[in-house]
$ cat target-v4.txt   # compact mmCIF, C-alpha atoms
# COMPACT_ATOMS: atom_id res chain seq x y z
CA MET S 1 0.00 0.00 0.00
CA ALA S 2 2.76 2.41 0.99
CA ASN S 3 4.65 1.57 -2.20
CA LYS S 4 1.55 2.32 -4.25
CA GLN S 5 1.32 5.71 -2.55
CA ALA S 6 5.01 6.33 -3.15
CA ASP S 7 4.47 5.59 -6.85
CA GLU S 8 1.47 7.90 -6.87
CA LEU S 9 3.54 10.73 -5.40
CA ARG S 10 6.42 10.13 -7.80
CA SER S 11 3.98 10.19 -10.74
CA LYS S 12 2.99 13.75 -9.76
CA LEU S 13 6.60 14.93 -9.75
CA LYS S 14 9.15 15.52 -12.46
CA PRO S 15 10.58 12.15 -13.55
CA GLY S 16 14.21 11.43 -12.76
CA ALA S 17 16.50 9.48 -10.50
CA GLY S 18 16.29 9.74 -6.73
CA LEU S 19 13.27 9.74 -4.45
CA GLU S 20 13.73 5.98 -3.88
CA PHE S 21 13.58 6.83 -0.19
CA LEU S 22 9.85 7.46 -0.58
CA ASN S 23 9.42 3.65 -0.62
CA GLU S 24 10.64 3.59 2.99
CA LEU S 25 8.08 6.11 4.23
CA ASP S 26 5.07 4.89 6.18
CA LYS S 27 1.56 5.10 4.80
CA ASP S 28 0.57 8.13 6.91
CA SER S 29 3.55 10.20 5.77
CA LEU S 30 2.90 9.38 2.13
CA THR S 31 -0.79 10.23 2.51
CA LEU S 32 0.19 13.55 4.05
CA LEU S 33 2.62 14.40 1.24
CA ASN S 34 0.20 13.35 -1.52
CA LYS S 35 -2.68 15.24 0.04
CA GLY S 36 -0.51 18.26 0.84
CA LEU S 37 0.56 18.55 -2.78
CA ASP S 38 -2.96 18.05 -4.13
CA ASP S 39 -4.43 20.59 -1.69
CA ALA S 40 -1.75 23.15 -2.48
CA LYS S 41 -2.39 22.77 -6.24
CA LYS S 42 -6.14 23.06 -5.75
CA SER S 43 -5.93 26.13 -3.58
CA GLU S 44 -3.50 27.77 -6.01
CA HIS S 45 -5.81 27.15 -8.97
CA GLN S 46 -8.80 28.50 -7.06
CA ALA S 47 -6.88 31.60 -6.02
CA LEU S 48 -5.75 32.18 -9.59
CA ASP S 49 -9.30 31.91 -10.99
CA LYS S 50 -10.57 34.29 -8.34
CA ALA S 51 -7.73 36.76 -9.02
CA ILE S 52 -8.34 36.76 -12.77
CA GLU S 53 -12.03 37.34 -12.21
CA GLY S 54 -11.43 40.12 -9.71
CA SER S 55 -8.78 41.85 -11.78
CA MET S 56 -11.16 42.23 -14.73
CA THR S 57 -13.17 44.76 -12.70
CA MET S 58 -10.13 47.05 -12.58
CA ILE S 59 -9.19 46.79 -16.25
CA PRO S 60 -10.30 49.82 -18.26
CA PHE S 61 -13.40 48.93 -20.30
CA LEU S 62 -11.64 49.48 -23.63
CA LEU S 63 -8.92 46.94 -22.79
CA ARG S 64 -11.16 44.19 -21.44
CA GLY S 65 -11.68 42.53 -24.83
CA ALA S 66 -7.94 42.24 -25.46
CA PHE S 67 -7.45 41.05 -21.92
CA LYS S 68 -10.00 38.30 -22.22
CA LYS S 69 -8.43 37.20 -25.50
CA ILE S 70 -5.08 36.71 -23.80
CA LEU S 71 -6.39 35.17 -20.61
CA PHE S 72 -9.02 32.89 -22.16
CA PRO S 73 -7.75 31.96 -25.64
CA MET F 74 25.60 18.15 11.17
CA SER F 75 23.33 16.92 8.47
CA GLN F 76 20.45 16.62 10.94
CA LEU F 77 20.46 20.41 11.32
CA SER F 78 20.27 21.07 7.61
CA THR F 79 17.61 18.37 7.44
CA ARG F 80 15.52 20.30 9.92
CA ALA F 81 15.84 23.39 7.73
CA GLU F 82 14.64 21.41 4.71
CA ILE F 83 11.66 20.07 6.65
CA ILE F 84 10.66 23.59 7.66
CA LYS F 85 10.81 24.68 4.00
CA LEU F 86 8.83 21.67 2.78
CA ALA F 87 6.19 22.23 5.47
CA ARG F 88 5.84 25.82 4.33
CA LEU F 89 5.45 24.82 0.71
CA LEU F 90 2.65 22.39 1.53
CA LYS F 91 1.12 24.62 4.24
CA LEU F 92 1.76 21.95 6.87
CA LYS F 93 3.26 22.11 10.35
CA GLU F 94 6.90 21.13 10.82
CA ALA F 95 5.89 18.45 13.34
CA GLN F 96 3.68 16.74 10.75
CA LEU F 97 6.78 15.96 8.71
CA ALA F 98 8.84 14.63 11.62
CA SER F 99 9.06 11.19 9.97
CA LEU F 100 11.36 12.73 7.32
CA GLU F 101 14.02 13.65 9.90
CA LYS F 102 16.06 10.50 9.31
CA TYR F 103 16.70 11.25 5.65
CA GLU F 104 19.62 13.04 4.06
CA VAL F 105 19.31 16.74 3.37
CA ALA F 106 19.97 16.19 -0.35
CA GLN F 107 17.05 13.75 -0.57
CA LEU F 108 14.68 16.16 1.13
CA ARG F 109 15.86 19.09 -0.96
CA ASP F 110 15.27 17.04 -4.10
CA LEU F 111 11.77 16.18 -2.91
CA ARG F 112 10.97 19.79 -2.03
CA GLU F 113 12.29 21.14 -5.31
CA ARG F 114 10.32 18.61 -7.31
CA MET F 115 7.16 19.33 -5.35
CA SER F 116 7.67 23.04 -5.83
CA ALA F 117 8.14 22.49 -9.59
CA ALA F 118 4.99 20.33 -9.73
CA LEU F 119 2.99 23.06 -8.04
CA TYR F 120 4.36 25.74 -10.30
CA ASP F 121 3.94 23.68 -13.48
CA SER F 122 0.30 22.94 -12.75
CA SER F 123 -0.56 26.67 -12.89
CA ARG F 124 2.05 27.68 -15.42
CA PRO F 125 -0.15 27.92 -18.56
CA HIS F 126 -2.49 30.36 -16.76
CA LEU F 127 0.38 32.27 -15.21
CA VAL F 128 2.07 32.73 -18.60
CA ARG F 129 -1.14 34.29 -19.92
CA VAL F 130 -1.43 36.57 -16.89
CA ALA F 131 2.19 37.68 -17.42
CA ALA F 132 1.43 38.39 -21.10
CA ALA F 133 -1.65 40.40 -20.14
CA THR F 134 0.42 42.66 -17.88
CA LYS F 135 2.09 44.08 -20.99
CA LEU F 136 -1.19 45.84 -21.84
CA ILE F 137 -1.62 47.95 -18.73
CA PRO F 138 0.40 50.61 -16.92
CA ILE F 139 2.82 49.66 -14.15
CA ALA F 140 0.82 51.38 -11.40
CA LEU F 141 -2.31 49.45 -12.39
CA ILE F 142 -0.41 46.12 -12.43
CA ALA F 143 0.81 46.86 -8.91
CA ALA F 144 -2.70 47.79 -7.72
CA ILE F 145 -4.29 44.67 -9.28
CA GLY F 146 -1.49 42.47 -7.97
CA GLU F 147 -1.90 43.74 -4.44
CA LYS F 148 -5.70 43.75 -4.44
CA PHE F 149 -6.59 40.58 -6.33
CA TYR F 150 -3.61 38.33 -6.94
CA GLY F 151 -1.98 38.44 -3.56
CA PRO F 152 1.61 37.52 -2.71
CA LEU F 153 1.60 33.87 -3.82
CA LEU F 154 0.29 34.45 -7.34
CA CYS F 155 2.36 37.60 -7.78
CA ALA F 156 5.40 35.54 -6.80
CA ARG F 157 4.52 32.95 -9.41
CA VAL F 158 4.05 35.57 -12.15
CA THR F 159 7.21 37.54 -11.29
CA GLY F 160 9.63 35.23 -13.06
CA LEU F 161 7.43 35.14 -16.18
CA MET F 162 7.34 38.92 -16.70
CA SER F 163 10.09 40.89 -18.36
CA PRO F 164 12.62 41.56 -15.57
CA GLU F 165 12.61 45.33 -16.18
CA ARG F 166 8.82 45.55 -15.93
CA ALA F 167 8.67 43.27 -12.90
CA ALA F 168 11.30 45.43 -11.15
CA GLU F 169 9.29 48.58 -11.93
CA VAL F 170 6.16 46.96 -10.47
CA ALA F 171 8.08 45.97 -7.34
CA ALA F 172 9.08 49.61 -6.81
CA LYS F 173 5.36 50.55 -6.66
CA LEU F 174 4.43 47.94 -4.05
CA PRO F 175 4.58 48.45 -0.27
CA ALA F 176 7.39 46.74 1.65
CA THR F 177 4.90 44.64 3.65
CA PHE F 178 3.46 43.18 0.45
CA LEU F 179 6.93 42.60 -1.01
CA ALA F 180 7.90 40.77 2.17
CA ASP F 181 4.81 38.54 1.82
CA LEU F 182 5.68 37.98 -1.83
CA SER F 183 9.30 37.14 -1.01
CA ILE F 184 8.16 34.36 1.32
CA GLU F 185 6.35 32.70 -1.60
CA LEU F 186 8.96 33.43 -4.26
CA ASP F 187 11.53 30.95 -5.46
CA PRO F 188 14.41 33.46 -5.72
CA ARG F 189 16.13 31.43 -8.45
CA SER F 190 13.10 31.84 -10.70
CA ALA F 191 13.36 35.61 -10.43
CA LYS F 192 17.12 36.08 -10.35
CA GLU F 193 17.13 38.71 -13.11
CA VAL F 194 14.34 40.70 -11.48
CA ILE F 195 16.10 40.65 -8.11
CA ALA F 196 19.34 41.81 -9.74
CA LEU F 197 17.54 44.92 -11.02
CA LEU F 198 16.10 45.95 -7.67
CA PRO F 199 17.88 48.87 -6.01
CA ALA F 200 19.75 47.99 -2.81
CA SER F 201 17.60 50.52 -0.92
CA LEU F 202 14.42 48.61 -1.83
CA VAL F 203 15.95 45.25 -0.85
CA VAL F 204 17.06 46.76 2.48
CA THR F 205 13.55 48.13 3.14
CA VAL F 206 12.01 44.71 2.51
CA ALA F 207 14.75 43.04 4.58
CA LYS F 208 13.84 45.33 7.52
CA GLU F 209 10.25 44.12 7.28
CA MET F 210 11.39 40.49 7.15
CA LEU F 211 13.67 40.99 10.14
CA LYS F 212 10.72 42.39 12.07
CA ARG F 213 8.85 39.17 11.30
CA ARG F 214 11.90 36.99 11.99
CA GLU F 215 11.64 35.59 8.47
CA HIS F 216 15.18 34.25 8.59
CA ILE F 217 14.49 31.25 6.35
CA THR F 218 13.25 33.55 3.59
CA MET F 219 16.19 35.92 3.97
CA ALA F 220 18.60 32.99 3.70
CA ARG F 221 17.04 31.85 0.43
CA PHE F 222 17.85 35.25 -1.08
CA VAL F 223 21.53 35.03 -0.16
CA ASP F 224 21.98 32.70 -3.13
CA VAL F 225 20.85 35.33 -5.65
CA LEU F 226 21.69 38.73 -4.19
CA SER F 227 24.95 40.43 -5.08
CA ASP F 228 27.65 40.80 -2.43
CA LYS F 229 27.08 44.55 -2.46
CA VAL F 230 23.40 44.18 -1.58
CA ILE F 231 24.16 41.51 1.01
CA ARG F 232 26.58 43.90 2.72
CA ALA F 233 23.89 46.60 2.76
CA VAL F 234 21.42 44.16 4.34
CA MET F 235 23.98 42.89 6.87
CA ASP F 236 24.52 46.47 8.01
CA ILE F 237 20.94 46.60 9.28
CA ILE F 238 21.05 43.21 11.04
CA LYS F 239 22.09 44.21 14.53
CA ASP F 240 20.91 41.03 16.22
CA ASP F 241 23.57 38.29 16.23
CA ARG F 242 20.93 35.60 16.68
CA ALA F 243 19.16 36.74 13.52
CA LEU F 244 22.39 36.70 11.52
CA LEU F 245 23.27 33.26 12.83
CA GLU F 246 19.86 31.86 11.94
CA ILE F 247 20.02 33.34 8.46
CA ALA F 248 23.45 31.77 7.93
CA PHE F 249 22.10 28.45 9.20
CA PHE F 250 19.41 28.39 6.52
CA VAL F 251 21.61 29.39 3.54
CA GLU F 252 21.53 26.50 1.06
CA SER F 253 24.66 27.01 -1.03
CA PRO F 254 27.91 26.36 0.84
CA ASP F 255 29.69 28.75 -1.56
CA ARG F 256 27.33 31.61 -0.76
CA LEU F 257 27.52 30.78 2.95
CA GLU F 258 31.30 30.99 2.72
CA ALA F 259 30.99 34.35 0.94
CA LEU F 260 28.48 35.61 3.52
CA ILE F 261 30.63 34.63 6.50
CA GLY F 262 33.69 35.98 4.74
CA MET F 263 31.98 39.41 4.71
CA ILE F 264 31.45 39.41 8.48
CA PRO F 265 34.19 41.35 10.28
CA GLU F 266 36.15 39.30 12.84
CA GLU F 267 34.74 41.21 15.81
CA ARG F 268 31.18 40.55 14.68
CA LEU F 269 32.02 36.89 14.08
CA ARG F 270 33.34 36.69 17.64
CA SER F 271 30.21 38.38 18.94
CA ILE F 272 28.03 35.85 17.06
CA ILE F 273 29.98 32.91 18.47
CA VAL F 274 29.81 34.34 22.00
CA THR F 275 26.07 34.87 21.56
CA ALA F 276 25.64 31.25 20.44
CA ALA F 277 27.72 29.98 23.36
CA ASN F 278 25.73 32.02 25.90
CA ASP F 279 22.30 31.50 24.41
CA GLU F 280 19.73 29.93 26.67
CA ASN F 281 17.80 28.55 23.71
CA ASN F 282 20.76 26.50 22.51
CA LEU F 283 21.90 28.28 19.38
CA TRP F 284 25.09 26.24 19.22
CA PRO F 285 23.74 23.76 16.63
CA GLU F 286 23.24 26.72 14.27
CA ALA F 287 26.76 28.02 14.94
CA LEU F 288 28.27 24.58 14.44
CA SER F 289 26.30 24.11 11.24
CA MET F 290 27.73 27.39 9.95
CA MET F 291 31.26 26.23 10.80
CA THR F 292 31.00 22.81 9.22
CA GLN F 293 29.74 24.03 5.87
CA VAL F 294 32.63 26.34 5.10
CA GLY F 295 36.17 25.59 3.97
CA ASP F 296 39.02 24.65 6.31
CA LYS F 297 40.45 28.17 6.56
CA LEU F 298 37.23 29.86 7.66
CA ARG F 299 36.31 26.86 9.82
CA GLY F 300 39.69 27.10 11.52
CA LYS F 301 39.21 30.83 12.10
CA MET F 302 35.81 30.27 13.72
CA GLY F 303 37.17 27.29 15.64
CA ASP F 304 40.00 29.44 17.02
CA ILE F 305 37.51 32.11 18.09
CA THR F 306 35.51 29.40 19.86
CA ALA F 307 38.61 28.05 21.57
CA SER F 308 39.39 31.54 22.87
CA LEU F 309 36.09 31.80 24.75
CA SER F 310 36.16 31.84 28.53
CA ASP F 311 36.34 28.47 30.32
CA GLU F 312 32.69 28.82 31.25
CA GLN F 313 31.59 29.61 27.70
CA LEU F 314 33.71 26.87 26.14
CA SER F 315 32.37 24.36 28.65
CA ALA F 316 28.85 25.44 27.69
CA VAL F 317 29.74 24.83 24.04
CA ILE F 318 31.08 21.35 24.77
CA ALA F 319 27.96 20.60 26.84
CA ALA F 320 25.77 21.74 23.91
CA VAL F 321 27.74 19.51 21.53
CA GLU F 322 27.24 16.60 23.90
CA ARG F 323 23.51 17.30 24.35
CA GLY F 324 22.99 17.52 20.61
CA GLY F 325 25.17 14.50 19.76
CA MET F 326 27.14 16.72 17.40
CA TRP F 327 30.54 15.13 17.94
CA SER F 328 31.34 14.46 14.31
CA ALA F 329 30.79 18.13 13.45
CA TRP F 330 32.83 19.13 16.46
CA VAL F 331 35.72 16.85 15.39
CA GLY F 332 35.62 18.58 12.00
CA VAL F 333 35.93 22.01 13.65
CA LEU F 334 38.54 20.79 16.12
CA SER F 335 40.70 19.45 13.34
CA ALA F 336 40.70 22.84 11.56
CA MET F 337 41.76 24.81 14.67
CA SER F 338 45.30 25.88 15.43
CA VAL F 339 47.37 23.50 17.58
CA GLU F 340 47.07 25.87 20.57
CA SER F 341 43.30 25.96 20.23
CA GLN F 342 43.09 22.18 19.95
CA ARG F 343 45.15 21.83 23.09
CA ARG F 344 42.92 24.25 25.02
CA VAL F 345 39.68 22.57 23.91
CA LEU F 346 40.92 19.06 24.64
CA ILE F 347 42.38 19.95 28.00
CA LEU F 348 39.15 21.66 29.01
CA ALA F 349 37.04 18.78 27.71
CA ASP F 350 39.37 16.52 29.64
CA VAL F 351 38.71 18.33 32.87
CA GLU F 352 35.06 18.99 32.38
CA SER F 353 33.72 15.85 30.87
CA PRO F 354 35.63 12.59 30.39
CA GLU F 355 32.41 11.02 29.02
CA ALA F 356 32.49 13.66 26.30
CA LEU F 357 35.82 12.32 25.10
CA SER F 358 34.55 8.81 24.72
CA ALA F 359 31.46 10.12 22.86
CA LEU F 360 33.81 12.11 20.66
CA ALA F 361 35.85 8.99 19.90
CA THR F 362 32.70 7.06 19.06
CA ALA F 363 31.60 9.83 16.69
CA ALA F 364 35.02 9.81 15.07
CA LYS F 365 34.72 6.06 14.56
CA GLU F 366 31.18 6.25 13.19
CA HIS F 367 32.04 8.97 10.72
CA GLY F 368 35.44 7.70 9.66
CA LEU F 369 37.25 10.59 11.32
CA TRP F 370 39.89 8.58 13.21
CA ASN F 371 42.66 10.15 11.25
CA GLN F 372 41.57 13.62 12.31
CA LEU F 373 41.34 12.66 15.96
CA LEU F 374 44.48 10.56 16.36
CA PRO F 375 47.04 13.38 16.18
CA LEU F 376 45.08 15.27 18.84
CA LEU F 377 45.40 12.58 21.50
CA LYS F 378 48.79 13.88 22.59
CA PHE F 379 47.11 16.92 24.19
CA MET F 380 45.09 14.86 26.56
CA ASN F 381 45.83 13.82 30.12
CA ASP F 382 46.95 10.25 30.70
CA ALA F 383 43.70 8.71 31.92
CA PRO F 384 41.33 9.75 29.15
CA ARG F 385 44.05 9.26 26.54
CA LYS F 386 44.51 5.71 27.73
CA GLN F 387 40.74 5.28 27.65
CA LEU F 388 40.62 6.42 24.04
CA GLU F 389 43.62 4.34 22.99
CA ASP F 390 41.94 1.27 24.50
CA LEU F 391 38.77 2.16 22.65
CA PHE F 392 40.68 2.49 19.38
CA GLU F 393 42.34 -0.88 19.94
CA SER F 394 39.09 -2.61 20.80
CA ILE F 395 37.37 -1.22 17.69
CA LYS F 396 40.35 -2.17 15.55
CA SER F 397 40.32 -5.76 16.79
CA THR F 398 36.53 -6.00 16.40
CA LEU F 399 36.87 -4.89 12.79
CA LYS F 400 39.73 -7.36 12.27
CA ASN F 401 37.64 -10.22 13.70
CA MET F 402 34.80 -9.29 11.37
CA GLY F 403 37.25 -9.82 8.54

$ encode --input "target-v4.txt" --output "structure tokens"
Amino acid sequence: MANKQADELRSKLKPGAGLEFLNELDKDSLTLLNKGLDDAKKSEHQALDKAIEGSMTMIPFLLRGAFKKILFP
Amino acid sequence: MSQLSTRAEIIKLARLLKLKEAQLASLEKYEVAQLRDLRERMSAALYDSSRPHLVRVAAATKLIPIALIAAIGEKFYGPLLCARVTGLMSPERAAEVAAKLPATFLADLSIELDPRSAKEVIALLPASLVVTVAKEMLKRREHITMARFVDVLSDKVIRAVMDIIKDDRALLEIAFFVESPDRLEALIGMIPEERLRSIIVTAANDENNLWPEALSMMTQVGDKLRGKMGDITASLSDEQLSAVIAAVERGGMWSAWVGVLSAMSVESQRRVLILADVESPEALSALATAAKEHGLWNQLLPLLKFMNDAPRKQLEDLFESIKSTLKNMG
């Protein structure tokens, strides 16, 4: 089970040598690292969506079209 | 000494994942290089997952005036996203935006920023702005963040920042968290001898046990600088030096201590060993064990001549017994 979680974590990271030590970690630690990474990604995406939406209200009306074109191609 | 750097890596990883340091305690037994690799790959995974959006945001900033970018960044994007976009903007434009932002926001942004991703932007910032932000970070005791910037700031800017760091503990902690041994060597090389002495005295006297940080600083630099700091340590008062040896013993930092001891002048080695001899014979046997465990026999052997007869005999017996055990093991 722990090895499966180690593989799951490795699959989310840049491939390459190293990180073999993840196989030695217990299940709880691997769950924490996997969940921590997933949660951080999720909260970053949500914050970015919210920021883009909010920033549109400050963009001068004439530039909004060009802005949307760049941000939402 | 690696356990100290490991702790620093765990703190950084916990920050990245918004976890508490204690939650990652199970990682303490791993090498610092392994943890750094893990953290860097996790940081890259986080950054890469938002990168397509961030690239578009950076492109959009070309359309609007600098003051408006700064206002939008502060109001809507916040420090984390601004940090992510910084390295994707043209360095000149990003530096101009930075000049429009308040120091408190720039300090928040610096905590989230991977300084290596924004090297060119940082190089364009005036020293006065970096110093203003550094003051804010010092107020918050953001020593980990300040250390990360040592790798990318010029020596001139580092000197300007060091001038405002009056607290020896702060400077010691910053040095402890610096990642690149080369930059650490450069940083310590910039500290005048009197200040270096003051830092070492502070570490020796500190109630909160700052000696691990001081020892970490000593072990990561070259022999010459290590010897200089070792000599300063050896010139402390008997009471202070005994406190240092006690801290080494408490922290099980004998292998690091042997490394520092071996770089000291002969007079300093004599003083440290004689004092250790008087104060704590158990310390000597722990030191010998550390030397054995870390393959540092050769560094310790020439120092035995400074010791009194009893503990020297004790160590010689220990050496012999280990040698014969190894021989029996084939």

$ residues_around --input "target-v4.txt" --residues "S:Asp26" --least-positions-apart "5" --cutoff "12 Å" --atoms "only C-alpha atoms" --output "list in words"
Met1, Ala2, Asn3, Lys4, Gln5, Ala6, Phe21, Thr31, Leu32 and Leu33 of chain S; Leu97, Ala98, Ser99 and Leu100 of chain F

$ residues_around --input "target-v4.txt" --residues "stretch 56-66 of chain S" --least-positions-apart "4" --cutoff "12 Å" --atoms "only C-alpha atoms" --output "list of chain:residue names"
S:Asp49, S:Lys50, S:Ala51, S:Ile52, S:Ile70, S:Leu71, S:Phe72, S:Pro73, F:Arg129, F:Val130, F:Ala132, F:Ala133, F:Thr134, F:Lys135, F:Leu136, F:Ile137, F:Pro138, F:Ala140, F:Leu141, F:Ile142, F:Ala143, F:Ala144, F:Ile145, F:Gly146, F:Lys148, F:Phe149, F:Tyr150

$ closest_residue --input "target-v4.txt" --among "F:Arg114, F:Arg166, F:Lys91, F:Lys173" --to "S:Lys14" --atoms "only C-alpha atoms"
F:Arg114

$ residues_around --input "target-v4.txt" --residues "stretch 216-226 of chain F" --least-positions-apart "2" --cutoff "6 Å" --atoms "only C-alpha atoms" --output "list in words"
Ile184, Arg214, Ile247, Phe250, Val251 and Arg256 of chain F

$ closest_residue --input "target-v4.txt" --among "S:Glu53, S:Glu44, S:Asp7, S:Lys68" --to "F:Ala156" --atoms "all atoms listed in the file"
S:Glu44

$ residues_around --input "target-v4.txt" --residues "S:Lys12" --least-positions-apart "3" --cutoff "9 Å" --atoms "all atoms listed in the file" --output "list in words"
Asp7, Glu8, Leu9, Pro15, Asn34 and Leu37 of chain S; Met115 and Ala118 of chain F

$ atom_distance --input "target-v4.txt" --atom1 "atom CA of F:Leu182" --atom2 "atom CA of S:Phe67"
24.2 Å

$ atom_distance --input "target-v4.txt" --atom1 "atom CA of F:Leu360" --atom2 "atom CA of F:Glu322"
8.6 Å

$ residues_around --input "target-v4.txt" --residues "F:Ser227" --least-positions-apart "3" --cutoff "12 Å" --atoms "all atoms listed in the file" --output "PyMOL selection string"
chain F and resi 192-193+195-200+203+222-224+230-234+256+259-260

$ atom_distance --input "target-v4.txt" --atom1 "atom CA of F:Ser328" --atom2 "atom CA of F:Ala363"
5.2 Å

$ closest_residue --input "target-v4.txt" --among "F:Thr275, F:Ser315, F:Thr205, F:Ser397" --to "F:Leu245" --atoms "only C-alpha atoms"
F:Thr275

$ closest_residue --input "target-v4.txt" --among "S:Lys27, S:Gly16, S:Ala40, S:Arg10" --to "F:Ser116" --atoms "all atoms listed in the file"
S:Ala40

$ axis_aligned_box --input "target-v4.txt" --around "stretch 306-318 of chain F" --padding-each-side "4 Å" --output "lines of an AutoDock Vina configuration file"
center_x = 34.1
center_y = 26.6
center_z = 25.6
size_x = 18.5
size_y = 18.5
size_z = 19.4

$ closest_residue --input "target-v4.txt" --among "F:Leu346, F:Leu314, F:Ile261, F:Leu376" --to "F:Met302" --atoms "only C-alpha atoms"
F:Ile261

$ closest_residue --input "target-v4.txt" --among "F:Lys208, F:His126, F:Arg323, F:Arg213" --to "chain S" --atoms "only C-alpha atoms"
F:His126
